[in-house]
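Undergrad: Sending over target-v8.pdb (PDB, C-alpha atoms).
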```
ATOM      1  CA  MET W   1     -32.814  31.560 -37.573
ATOM      2  CA  GLU W   2     -36.339  32.138 -36.339
ATOM      3  CA  HIS W   3     -37.180  35.167 -34.308
ATOM      4  CA  SER W   4     -40.413  34.316 -32.579
ATOM      5  CA  PHE W   5     -41.420  35.722 -29.240
ATOM      6  CA  SER W   6     -42.697  33.564 -26.417
ATOM      7  CA  LEU W   7     -43.426  34.275 -22.791
ATOM      8  CA  PRO W   8     -40.940  33.142 -20.172
ATOM      9  CA  ASN W   9     -41.857  29.791 -18.584
ATOM     10  CA  SER W  10     -44.451  29.136 -21.261
ATOM     11  CA  GLY W  11     -42.524  26.025 -22.244
ATOM     12  CA  HIS W  12     -41.849  27.346 -25.742
ATOM     13  CA  ASN W  13     -38.618  29.158 -25.081
ATOM     14  CA  TYR W  14     -36.165  26.276 -25.323
ATOM     15  CA  ASP W  15     -32.702  27.682 -25.965
ATOM     16  CA  ALA W  16     -30.032  25.006 -25.946
ATOM     17  CA  LYS W  17     -27.125  27.436 -26.371
ATOM     18  CA  ALA W  18     -28.117  29.677 -23.479
ATOM     19  CA  SER W  19     -28.772  26.627 -21.333
ATOM     20  CA  LYS W  20     -25.360  25.198 -22.072
ATOM     21  CA  LEU W  21     -23.588  28.506 -21.450
ATOM     22  CA  GLY W  22     -25.403  28.827 -18.125
ATOM     23  CA  MET W  23     -24.318  25.322 -17.141
ATOM     24  CA  TRP W  24     -20.699  26.115 -17.951
ATOM     25  CA  LEU W  25     -20.835  29.329 -15.914
ATOM     26  CA  PHE W  26     -22.078  27.266 -12.982
ATOM     27  CA  LEU W  27     -19.291  24.739 -13.519
ATOM     28  CA  TYR W  28     -16.717  27.559 -13.332
ATOM     29  CA  THR W  29     -17.971  28.463  -9.860
ATOM     30  CA  GLU W  30     -17.628  24.787  -8.927
ATOM     31  CA  ILE W  31     -14.045  24.750 -10.202
ATOM     32  CA  LEU W  32     -13.232  27.762  -8.041
ATOM     33  CA  LEU W  33     -15.005  26.226  -5.018
ATOM     34  CA  PHE W  34     -12.803  23.132  -5.186
ATOM     35  CA  GLY W  35      -9.875  25.306  -6.324
ATOM     36  CA  GLY W  36      -9.986  27.113  -2.984
ATOM     37  CA  LEU W  37      -9.879  23.789  -1.145
ATOM     38  CA  PHE W  38      -6.961  22.616  -3.275
ATOM     39  CA  MET W  39      -5.080  25.783  -2.291
ATOM     40  CA  VAL W  40      -5.703  25.067   1.403
ATOM     41  CA  TYR W  41      -4.404  21.551   0.786
ATOM     42  CA  MET W  42      -1.299  22.841  -0.984
ATOM     43  CA  VAL W  43      -0.349  25.238   1.797
ATOM     44  CA  TYR W  44      -0.849  22.692   4.595
ATOM     45  CA  ARG W  45       0.955  19.991   2.677
ATOM     46  CA  ALA W  46       3.891  22.334   1.993
ATOM     47  CA  LEU W  47       4.026  23.123   5.729
ATOM     48  CA  ASN W  48       3.666  19.463   6.870
ATOM     49  CA  PRO W  49       5.111  17.261   4.099
ATOM     50  CA  ASP W  50       6.092  14.333   6.362
ATOM     51  CA  ALA W  51       2.849  14.258   8.347
ATOM     52  CA  PHE W  52       0.812  14.196   5.120
ATOM     53  CA  LEU W  53       2.928  11.313   3.832
ATOM     54  CA  ILE W  54       2.478   9.265   7.033
ATOM     55  CA  ALA W  55      -1.256   9.995   7.230
ATOM     56  CA  SER W  56      -1.769   9.005   3.578
ATOM     57  CA  PHE W  57      -0.532   5.469   4.335
ATOM     58  CA  ASN W  58      -3.814   4.945   6.215
ATOM     59  CA  LEU W  59      -5.740   5.091   2.942
ATOM     60  CA  ASN W  60      -6.221   2.093   0.701
ATOM     61  CA  VAL W  61      -4.696   2.848  -2.726
ATOM     62  CA  TRP W  62      -6.593  -0.007  -4.381
ATOM     63  CA  MET W  63      -9.991   1.188  -3.204
ATOM     64  CA  GLY W  64      -9.117   4.609  -4.590
ATOM     65  CA  THR W  65      -7.984   3.073  -7.890
ATOM     66  CA  ILE W  66     -11.199   1.045  -8.219
ATOM     67  CA  ASN W  67     -13.245   4.167  -7.543
ATOM     68  CA  THR W  68     -11.283   6.061 -10.199
ATOM     69  CA  VAL W  69     -12.008   3.344 -12.749
ATOM     70  CA  VAL W  70     -15.702   3.293 -11.709
ATOM     71  CA  LEU W  71     -16.012   7.058 -12.185
ATOM     72  CA  LEU W  72     -14.190   7.021 -15.533
ATOM     73  CA  THR W  73     -16.483   4.232 -16.742
ATOM     74  CA  SER W  74     -19.560   6.211 -15.699
ATOM     75  CA  SER W  75     -18.168   9.243 -17.521
ATOM     76  CA  MET W  76     -17.955   7.186 -20.695
ATOM     77  CA  THR W  77     -21.489   5.799 -20.344
ATOM     78  CA  VAL W  78     -22.981   9.255 -19.824
ATOM     79  CA  ALA W  79     -21.062  10.610 -22.839
ATOM     80  CA  MET W  80     -22.300   7.655 -24.920
ATOM     81  CA  SER W  81     -25.892   8.189 -23.755
ATOM     82  CA  ILE W  82     -25.720  11.693 -25.267
ATOM     83  CA  THR W  83     -24.486  10.169 -28.536
ATOM     84  CA  ALA W  84     -27.355   7.658 -28.382
ATOM     85  CA  ILE W  85     -30.087  10.255 -27.898
ATOM     86  CA  GLN W  86     -28.648  12.489 -30.620
ATOM     87  CA  LYS W  87     -28.860   9.526 -32.965
ATOM     88  CA  GLY W  88     -32.469   9.031 -31.879
ATOM     89  CA  ASN W  89     -31.932   5.880 -29.826
ATOM     90  CA  SER W  90     -33.715   6.774 -26.575
ATOM     91  CA  LYS W  91     -33.736   3.203 -25.334
ATOM     92  CA  LEU W  92     -29.954   2.809 -25.509
ATOM     93  CA  SER W  93     -29.593   6.239 -23.941
ATOM     94  CA  LEU W  94     -31.709   5.103 -20.978
ATOM     95  CA  ILE W  95     -29.686   1.900 -20.549
ATOM     96  CA  LEU W  96     -26.418   3.860 -20.565
ATOM     97  CA  LEU W  97     -27.788   6.352 -18.032
ATOM     98  CA  ALA W  98     -28.903   3.475 -15.808
ATOM     99  CA  ALA W  99     -25.333   2.149 -16.007
ATOM    100  CA  THR W 100     -24.093   5.610 -14.960
ATOM    101  CA  VAL W 101     -26.386   5.643 -11.930
ATOM    102  CA  LEU W 102     -25.247   2.119 -11.047
ATOM    103  CA  ALA W 103     -21.602   3.266 -11.199
ATOM    104  CA  ALA W 104     -22.468   6.212  -8.941
ATOM    105  CA  VAL W 105     -23.998   3.803  -6.416
ATOM    106  CA  ILE W 106     -20.924   1.533  -6.569
ATOM    107  CA  PHE W 107     -18.696   4.574  -6.002
ATOM    108  CA  LEU W 108     -20.710   5.626  -2.960
ATOM    109  CA  VAL W 109     -20.764   2.092  -1.506
ATOM    110  CA  ILE W 110     -16.961   1.839  -1.782
ATOM    111  CA  LYS W 111     -16.676   5.313  -0.232
ATOM    112  CA  TYR W 112     -18.971   4.156   2.587
ATOM    113  CA  PHE W 113     -16.708   1.205   3.393
ATOM    114  CA  GLU W 114     -13.608   3.412   3.202
ATOM    115  CA  TRP W 115     -15.048   6.027   5.539
ATOM    116  CA  GLY W 116     -16.474   3.277   7.748
ATOM    117  CA  ALA W 117     -13.016   1.748   8.204
ATOM    118  CA  LYS W 118     -11.509   5.170   9.006
ATOM    119  CA  ILE W 119     -14.220   5.992  11.522
ATOM    120  CA  GLU W 120     -13.890   2.545  13.104
ATOM    121  CA  HIS W 121     -10.205   3.275  13.668
ATOM    122  CA  GLY W 122     -11.033   6.663  15.154
ATOM    123  CA  PHE W 123      -9.766   8.969  12.394
ATOM    124  CA  TRP W 124     -12.906  11.124  12.335
ATOM    125  CA  PRO W 125     -12.119  14.623  13.711
ATOM    126  CA  GLY W 126     -12.725  14.666  17.455
ATOM    127  CA  MET W 127     -12.422  10.910  18.034
ATOM    128  CA  ASP W 128      -9.933   9.469  20.537
ATOM    129  CA  HIS W 129      -7.338   8.317  18.023
ATOM    130  CA  PHE W 130      -7.637  11.538  16.023
ATOM    131  CA  ILE W 131      -6.985  13.748  19.061
ATOM    132  CA  ASN W 132      -3.685  11.972  19.748
ATOM    133  CA  LEU W 133      -2.401  12.399  16.173
ATOM    134  CA  PRO W 134       0.272  15.017  15.387
ATOM    135  CA  PHE W 135      -1.202  18.315  14.148
ATOM    136  CA  GLY W 136      -0.111  17.774  10.526
ATOM    137  CA  GLU W 137      -1.869  14.409  10.349
ATOM    138  CA  GLN W 138      -4.998  15.946  11.869
ATOM    139  CA  LEU W 139      -4.967  18.547   9.076
ATOM    140  CA  TYR W 140      -4.695  15.759   6.501
ATOM    141  CA  PHE W 141      -7.778  13.993   7.868
ATOM    142  CA  TYR W 142      -9.768  17.237   8.161
ATOM    143  CA  LEU W 143      -9.058  17.854   4.484
ATOM    144  CA  TYR W 144      -9.610  14.210   3.502
ATOM    145  CA  PHE W 145     -13.071  14.040   5.060
ATOM    146  CA  PHE W 146     -14.095  17.505   3.916
ATOM    147  CA  MET W 147     -12.916  17.247   0.307
ATOM    148  CA  THR W 148     -13.983  13.662  -0.389
ATOM    149  CA  GLY W 149     -17.223  14.381   1.508
ATOM    150  CA  LEU W 150     -17.999  17.416  -0.628
ATOM    151  CA  HIS W 151     -17.119  15.406  -3.705
ATOM    152  CA  GLY W 152     -19.396  12.578  -2.539
ATOM    153  CA  LEU W 153     -22.197  15.099  -2.139
ATOM    154  CA  HIS W 154     -21.627  16.095  -5.778
ATOM    155  CA  VAL W 155     -21.893  12.432  -6.781
ATOM    156  CA  VAL W 156     -25.295  12.230  -5.038
ATOM    157  CA  VAL W 157     -26.490  15.439  -6.719
ATOM    158  CA  GLY W 158     -25.264  14.258 -10.129
ATOM    159  CA  MET W 159     -27.072  10.954  -9.615
ATOM    160  CA  ILE W 160     -30.366  12.727  -8.801
ATOM    161  CA  PHE W 161     -29.837  14.986 -11.840
ATOM    162  CA  ILE W 162     -29.402  11.929 -14.084
ATOM    163  CA  LEU W 163     -32.453  10.160 -12.590
ATOM    164  CA  ILE W 164     -34.594  13.241 -13.357
ATOM    165  CA  VAL W 165     -33.282  13.275 -16.939
ATOM    166  CA  MET W 166     -34.070   9.554 -17.281
ATOM    167  CA  LYS W 167     -37.655  10.246 -16.274
ATOM    168  CA  LYS W 168     -37.834  13.005 -18.883
ATOM    169  CA  ILE W 169     -36.457  10.731 -21.596
ATOM    170  CA  LYS W 170     -39.096   8.144 -20.687
ATOM    171  CA  ASN W 171     -41.961  10.602 -21.039
ATOM    172  CA  GLY W 172     -40.444  11.991 -24.222
ATOM    173  CA  SER W 173     -39.691  15.550 -23.100
ATOM    174  CA  GLN W 174     -35.984  14.856 -23.707
ATOM    175  CA  ASN W 175     -35.535  13.546 -27.223
ATOM    176  CA  LYS W 176     -33.453  13.611 -30.406
ATOM    177  CA  ASP W 177     -34.082  17.318 -31.044
ATOM    178  CA  LYS W 178     -34.298  18.561 -27.490
ATOM    179  CA  ASN W 179     -31.715  17.090 -25.143
ATOM    180  CA  GLN W 180     -29.832  19.960 -23.529
ATOM    181  CA  LEU W 181     -30.866  18.851 -20.031
ATOM    182  CA  LEU W 182     -29.187  15.521 -20.673
ATOM    183  CA  GLU W 183     -26.086  17.290 -22.000
ATOM    184  CA  ASN W 184     -25.991  19.550 -18.947
ATOM    185  CA  SER W 185     -26.285  16.638 -16.547
ATOM    186  CA  GLY W 186     -23.488  14.992 -18.528
ATOM    187  CA  LEU W 187     -21.318  18.092 -18.113
ATOM    188  CA  TYR W 188     -22.014  18.076 -14.370
ATOM    189  CA  TRP W 189     -21.132  14.405 -14.152
ATOM    190  CA  HIS W 190     -17.857  14.970 -16.002
ATOM    191  CA  LEU W 191     -17.000  17.771 -13.586
ATOM    192  CA  VAL W 192     -17.472  15.345 -10.683
ATOM    193  CA  ASP W 193     -15.052  13.064 -12.519
ATOM    194  CA  LEU W 194     -12.545  15.896 -13.090
ATOM    195  CA  ILE W 195     -12.437  16.752  -9.389
ATOM    196  CA  TRP W 196     -11.873  13.119  -8.465
ATOM    197  CA  ILE W 197      -9.002  12.893 -10.981
ATOM    198  CA  TYR W 198      -7.148  15.474  -8.857
ATOM    199  CA  LEU W 199      -8.352  14.234  -5.454
ATOM    200  CA  PHE W 200      -7.133  10.708  -6.121
ATOM    201  CA  PRO W 201      -3.382  11.413  -6.513
ATOM    202  CA  LEU W 202      -3.432  14.158  -3.854
ATOM    203  CA  PHE W 203      -4.827  11.931  -1.098
ATOM    204  CA  TYR W 204      -4.012   8.361  -2.103
ATOM    205  CA  LEU W 205      -0.800   8.561  -4.085
ATOM    206  CA  ILE W 206       1.605  10.440  -1.804
ATOM    207  CA  HIS W 207       4.710   8.301  -1.677
TER     208      HIS W 207
ATOM    209  CA  MET P   1     -21.973  35.179 -29.815
ATOM    210  CA  SER P   2     -20.905  36.936 -33.042
ATOM    211  CA  ASP P   3     -23.426  37.115 -35.874
ATOM    212  CA  THR P   4     -20.912  36.569 -38.655
ATOM    213  CA  LYS P   5     -19.767  33.246 -37.243
ATOM    214  CA  ASN P   6     -23.257  32.048 -36.439
ATOM    215  CA  ASN P   7     -23.357  29.441 -39.163
ATOM    216  CA  HIS P   8     -20.056  28.001 -38.134
ATOM    217  CA  THR P   9     -20.934  27.639 -34.446
ATOM    218  CA  GLN P  10     -24.281  26.161 -35.421
ATOM    219  CA  ASP P  11     -22.489  23.358 -37.246
ATOM    220  CA  ASP P  12     -20.124  22.777 -34.338
ATOM    221  CA  SER P  13     -22.857  22.313 -31.777
ATOM    222  CA  HIS P  14     -24.467  19.618 -33.906
ATOM    223  CA  HIS P  15     -21.389  17.435 -34.031
ATOM    224  CA  ILE P  16     -22.167  13.943 -32.734
ATOM    225  CA  THR P  17     -19.255  12.084 -31.188
ATOM    226  CA  GLY P  18     -19.187   8.412 -32.141
ATOM    227  CA  TYR P  19     -19.268   5.513 -29.661
ATOM    228  CA  ALA P  20     -15.835   4.344 -30.791
ATOM    229  CA  GLU P  21     -14.283   7.725 -30.066
ATOM    230  CA  HIS P  22     -15.756   7.724 -26.551
ATOM    231  CA  PHE P  23     -14.417   4.235 -25.974
ATOM    232  CA  GLY P  24     -10.952   5.246 -27.213
ATOM    233  CA  THR P  25     -10.995   8.215 -24.838
ATOM    234  CA  TYR P  26     -11.983   5.854 -22.008
ATOM    235  CA  VAL P  27      -9.151   3.406 -22.749
ATOM    236  CA  SER P  28      -6.568   6.205 -22.745
ATOM    237  CA  LEU P  29      -7.909   7.485 -19.393
ATOM    238  CA  ILE P  30      -7.732   4.021 -17.826
ATOM    239  CA  MET P  31      -4.175   3.565 -19.081
ATOM    240  CA  LEU P  32      -3.126   6.897 -17.595
ATOM    241  CA  THR P  33      -4.776   5.928 -14.284
ATOM    242  CA  PHE P  34      -2.813   2.675 -14.057
ATOM    243  CA  MET P  35       0.335   4.538 -15.084
ATOM    244  CA  THR P  36      -0.009   7.048 -12.257
ATOM    245  CA  VAL P  37      -0.768   4.296  -9.692
ATOM    246  CA  PHE P  38       2.164   2.245 -10.937
ATOM    247  CA  ILE P  39       4.584   5.179 -10.728
ATOM    248  CA  SER P  40       3.389   6.026  -7.228
ATOM    249  CA  VAL P  41       3.327   2.501  -5.754
ATOM    250  CA  PHE P  42       6.303   0.894  -7.463
ATOM    251  CA  GLY P  43       8.465   3.822  -8.527
ATOM    252  CA  ALA P  44       9.159   5.341  -5.118
ATOM    253  CA  ASP P  45      12.741   6.230  -6.114
ATOM    254  CA  LEU P  46      11.453   9.125  -8.190
ATOM    255  CA  ASN P  47      10.968  10.905  -4.840
ATOM    256  CA  THR P  48      10.396  14.639  -5.300
ATOM    257  CA  LEU P  49       9.373  14.087  -8.904
ATOM    258  CA  THR P  50       6.383  11.932  -7.935
ATOM    259  CA  VAL P  51       4.142  14.854  -6.977
ATOM    260  CA  ALA P  52       4.978  16.650 -10.212
ATOM    261  CA  THR P  53       4.475  13.485 -12.291
ATOM    262  CA  ALA P  54       1.176  12.663 -10.577
ATOM    263  CA  MET P  55      -0.094  16.211 -11.129
ATOM    264  CA  PHE P  56       1.078  16.175 -14.736
ATOM    265  CA  ILE P  57      -0.715  12.895 -15.479
ATOM    266  CA  ALA P  58      -3.851  14.137 -13.672
ATOM    267  CA  SER P  59      -3.804  17.302 -15.797
ATOM    268  CA  VAL P  60      -3.477  15.281 -19.002
ATOM    269  CA  LYS P  61      -6.476  13.198 -17.897
ATOM    270  CA  VAL P  62      -8.483  16.320 -17.089
ATOM    271  CA  LEU P  63      -7.697  17.767 -20.525
ATOM    272  CA  ILE P  64      -8.796  14.537 -22.215
ATOM    273  CA  VAL P  65     -12.087  14.493 -20.265
ATOM    274  CA  ALA P  66     -12.740  18.182 -20.968
ATOM    275  CA  TYR P  67     -11.840  17.989 -24.671
ATOM    276  CA  TYR P  68     -13.558  14.748 -25.639
ATOM    277  CA  PHE P  69     -16.170  13.788 -23.016
ATOM    278  CA  MET P  70     -17.189  17.377 -22.289
ATOM    279  CA  HIS P  71     -17.149  18.118 -25.994
ATOM    280  CA  LEU P  72     -14.939  21.226 -25.723
ATOM    281  CA  LYS P  73     -13.005  20.212 -28.829
ATOM    282  CA  TYR P  74     -16.121  20.591 -31.001
ATOM    283  CA  ASP P  75     -17.672  23.515 -29.118
ATOM    284  CA  PRO P  76     -17.438  27.165 -30.188
ATOM    285  CA  LYS P  77     -14.198  28.838 -29.208
ATOM    286  CA  VAL P  78     -15.887  30.954 -26.530
ATOM    287  CA  TYR P  79     -16.046  27.960 -24.132
ATOM    288  CA  ARG P  80     -12.319  27.339 -24.397
ATOM    289  CA  VAL P  81     -11.553  31.039 -23.902
ATOM    290  CA  MET P  82     -13.773  31.183 -20.826
ATOM    291  CA  ILE P  83     -12.206  28.135 -19.205
ATOM    292  CA  LEU P  84      -8.779  29.678 -19.817
ATOM    293  CA  LEU P  85      -9.965  32.795 -17.980
ATOM    294  CA  VAL P  86     -11.117  30.694 -15.017
ATOM    295  CA  MET P  87      -7.787  28.868 -14.958
ATOM    296  CA  ALA P  88      -5.934  32.209 -15.125
ATOM    297  CA  MET P  89      -7.993  33.407 -12.159
ATOM    298  CA  PHE P  90      -7.061  30.283 -10.202
ATOM    299  CA  VAL P  91      -3.357  30.771 -10.986
ATOM    300  CA  ILE P  92      -3.529  34.420  -9.879
ATOM    301  CA  PHE P  93      -5.095  33.361  -6.561
ATOM    302  CA  LEU P  94      -2.412  30.718  -6.202
ATOM    303  CA  ILE P  95       0.447  33.149  -6.863
ATOM    304  CA  MET P  96      -0.997  35.632  -4.355
ATOM    305  CA  LEU P  97      -1.280  32.858  -1.755
ATOM    306  CA  MET P  98       2.280  31.695  -2.418
ATOM    307  CA  PHE P  99       3.623  35.241  -1.999
ATOM    308  CA  ASP P 100       1.849  35.412   1.330
ATOM    309  CA  TYR P 101       3.387  32.192   2.654
ATOM    310  CA  LEU P 102       6.840  32.690   1.147
ATOM    311  CA  THR P 103       7.282  36.173   2.616
ATOM    312  CA  ARG P 104       6.324  35.344   6.208
TER     313      ARG P 104
END
```
Using the file provided, produce a representation of the structure as structure tokens.

TA:
Amino acid sequence: MEHSFSLPNSGHNYDAKASKLGMWLFLYTEILLFGGLFMVYMVYRALNPDAFLIASFNLNVWMGTINTVVLLTSSMTVAMSITAIQKGNSKLSLILLAATVLAAVIFLVIKYFEWGAKIEHGFWPGMDHFINLPFGEQLYFYLYFFMTGLHGLHVVVGMIFILIVMKKIKNGSQNKDKNQLLENSGLYWHLVDLIWIYLFPLFYLIH
Amino acid sequence: MSDTKNNHTQDDSHHITGYAEHFGTYVSLIMLTFMTVFISVFGADLNTLTVATAMFIASVKVLIVAYYFMHLKYDPKVYRVMILLVMAMFVIFLIMLMFDYLTR
């Protein structure tokens, strides 16, 4: 181990371990952020089991399934892109990251059509149809829009994160020996996937 | 973290997961996804068990993603210990919340 001193922000203080640990600490706060929302969901669902069941029939299970597959695929491509860069194949790494971004776009487009259909039918909080729904079903749609919306926001952030990393791979500042930023963006992307793995059965698969 | 284990953790963090292993992980995740959809859509007679089954399958999927895609399996132990602490915190919050609602 070397023990050389360098000034902060001088660009010579790359510390992959510290960077990774910091990323994980951030991910823990994300887990607890969504954890709180899952608790709200649990309480309201326990109080209104039938209303949640009826409201869930308004969602399209197949769209949710396709989105799950899309996210899982993107998780694999981002994991493989880390393998590629560690083996020194920057080109393959870039292709796999581009595939990840493409999957993120597909996910968001499907989400757009899903939300669009709901809003068209007046399920957005405050719309005519929504106001006439029983209270339990209103709670379901509040939670549906808030939780999938917050998750969608994470997809957008993860996509931007990956695009920045792609730029850095292109100019060579992320490479075989120095790729913690790519690993961190991968970790973030997997977290987005993890949250969706729970959101999917909780909102789409109530039967 | 600890100086004595430094060499060991150093080796762990340089483990490169192969493409085939990632693909195998992916296939198992897709199979679990179709399993959970199938149980929910076609196996409605499971009734009260469906929520538990869906949550169980989701948790298995999450573990697979965390262990293989997120590399936890090959990371130093400290990451696994920390995530256990976070999970314990979540469970404590949950138990406190349940006590609140059950005793009203």

Undergrad: Kindly assemble as a Markdown table a list of the chain P residues that lie within 6 Å of chain W, each paired with its nearest atom pair and their distance in Å to one decimal, using all atoms listed in the file, sorted first by chain and then by ascending residue number.

TA:
```
| residue | atom | partner | partner_atom | distance |
| --- | --- | --- | --- | --- |
| P:Ser40 | CA | W:Leu205 | CA | 5.8 |
| P:Ala58 | CA | W:Ile197 | CA | 5.9 |
| P:Val62 | CA | W:Leu194 | CA | 5.7 |
| P:Phe69 | CA | W:Ala79 | CA | 5.8 |
| P:Met70 | CA | W:Leu187 | CA | 5.9 |
```

Undergrad: Name the residues, using the chain letters and numbers of the file, that sit within 10 Å of (-13.3, 16.2, -1.7) when counting all atoms listed in the file, and give them as a list in words.

TA: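 So the residues meeting the distance criterion are Phe34, Leu37, Phe38, Leu143, Tyr144, Phe145, Phe146, Met147, Thr148, Gly149, Leu150, His151, Gly152, Leu153, His154, Val192, Ile195, Trp196, Tyr198, Leu199, Phe200 and Phe203 of chain W.
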
Undergrad: Please report the interatomic distance between atom CA of W:Pro49 and atom CA of P:Phe42 in Å with one decimal.

TA: 20.1 Å

Undergrad: Have a look at P:Val41, P:Leu32, P:Met89, P:Met82 and name the one nearest to P:Met55; count only C-alpha atoms.

TA: P:Leu32

Undergrad: Just say which residues the PyMOL selection byres ((chain W and resi 110) around 12) picks in this file, as a list in words.

TA: Asn60, Trp62, Met63, Gly64, Thr65, Ile66, Asn67, Thr68, Val70, Leu71, Ala103, Ala104, Val105, Ile106, Phe107, Leu108, Val109, Lys111, Tyr112, Phe113, Glu114, Trp115, Gly116, Ala117 and Gly152 of chain W

Undergrad: For the residues in that selection, give me C-alpha atoms as a PDB file, in the frame of the given file.

TA:
```pdb
ATOM      1  CA  ASN W  60      -6.221   2.093   0.701  1.00  0.00           C
ATOM      2  CA  TRP W  62      -6.593  -0.007  -4.381  1.00  0.00           C
ATOM      3  CA  MET W  63      -9.991   1.188  -3.204  1.00  0.00           C
ATOM      4  CA  GLY W  64      -9.117   4.609  -4.590  1.00  0.00           C
ATOM      5  CA  THR W  65      -7.984   3.073  -7.890  1.00  0.00           C
ATOM      6  CA  ILE W  66     -11.199   1.045  -8.219  1.00  0.00           C
ATOM      7  CA  ASN W  67     -13.245   4.167  -7.543  1.00  0.00           C
ATOM      8  CA  THR W  68     -11.283   6.061 -10.199  1.00  0.00           C
ATOM      9  CA  VAL W  70     -15.702   3.293 -11.709  1.00  0.00           C
ATOM     10  CA  LEU W  71     -16.012   7.058 -12.185  1.00  0.00           C
ATOM     11  CA  ALA W 103     -21.602   3.266 -11.199  1.00  0.00           C
ATOM     12  CA  ALA W 104     -22.468   6.212  -8.941  1.00  0.00           C
ATOM     13  CA  VAL W 105     -23.998   3.803  -6.416  1.00  0.00           C
ATOM     14  CA  ILE W 106     -20.924   1.533  -6.569  1.00  0.00           C
ATOM     15  CA  PHE W 107     -18.696   4.574  -6.002  1.00  0.00           C
ATOM     16  CA  LEU W 108     -20.710   5.626  -2.960  1.00  0.00           C
ATOM     17  CA  VAL W 109     -20.764   2.092  -1.506  1.00  0.00           C
ATOM     18  CA  LYS W 111     -16.676   5.313  -0.232  1.00  0.00           C
ATOM     19  CA  TYR W 112     -18.971   4.156   2.587  1.00  0.00           C
ATOM     20  CA  PHE W 113     -16.708   1.205   3.393  1.00  0.00           C
ATOM     21  CA  GLU W 114     -13.608   3.412   3.202  1.00  0.00           C
ATOM     22  CA  TRP W 115     -15.048   6.027   5.539  1.00  0.00           C
ATOM     23  CA  GLY W 116     -16.474   3.277   7.748  1.00  0.00           C
ATOM     24  CA  ALA W 117     -13.016   1.748   8.204  1.00  0.00           C
ATOM     25  CA  GLY W 152     -19.396  12.578  -2.539  1.00  0.00           C
TER      26      GLY W 152
END
```

Undergrad: Quick one, how far is atom CA of W:Lys170 from atom CA of P:His71?

TA: 24.7 Å

Undergrad: Quick one: of P:Thr17, P:Phe90, P:Leu84, P:Val37, who's nearest to P:Thr50, counting all atoms listed in the file?

TA: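 When distances to P:Thr50 are compared using all atoms listed in the file, the smallest one comes from P:Val37.
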
Undergrad: Record the distance separating atom CA of W:Gln174 and atom CA of P:Ile64, expressed in Å with one decimal.

TA: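 Atom CA of P:Ile64 lies at a distance of 27.2 Å from atom CA of W:Gln174.
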
Undergrad: Please determine the residues with any atom at most 12 Å from (-3.1, 6.8, -20.4) (coordinates as given in the file, with only C-alpha atoms counting) and report them as a ChimeraX atom specification.

TA: /P:24-38,56-65

Undergrad: Selection in question (the file shown): the PyMOL selection byres ((chain W and resi 140) around 9). Which residues does it include, as a list in words?

TA: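 This file gives the following for the PyMOL selection byres ((chain W and resi 140) around 9): Tyr41, Tyr44, Arg45, Ala51, Phe52, Ala55, Ser56, Phe135, Gly136, Glu137, Gln138, Leu139, Phe141, Tyr142, Leu143, Tyr144, Phe145 and Phe203 of chain W.
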
Undergrad: Work out where the centre of an axis-aligned box around every listed atom of stretch 122-131 of chain W lies and how long its edges are once 5 Å is added on each side; give both in Å to one decimal as lines of an AutoDock Vina configuration file.

TA:
```
center_x = -9.9
center_y = 10.7
center_z = 16.4
size_x = 15.9
size_y = 18.0
size_z = 18.2
```

Undergrad: Could you name the residues that touch stretch 164-167 of chain W at 8 Å or less, counting all atoms listed in the file, but leaving out those on the same chain fewer than 3 positions away, as a list in words?

TA: Leu94, Leu97, Ile160, Phe161, Lys170, Asn171, Gln174, Leu181, Leu182 and Ser185 of chain W
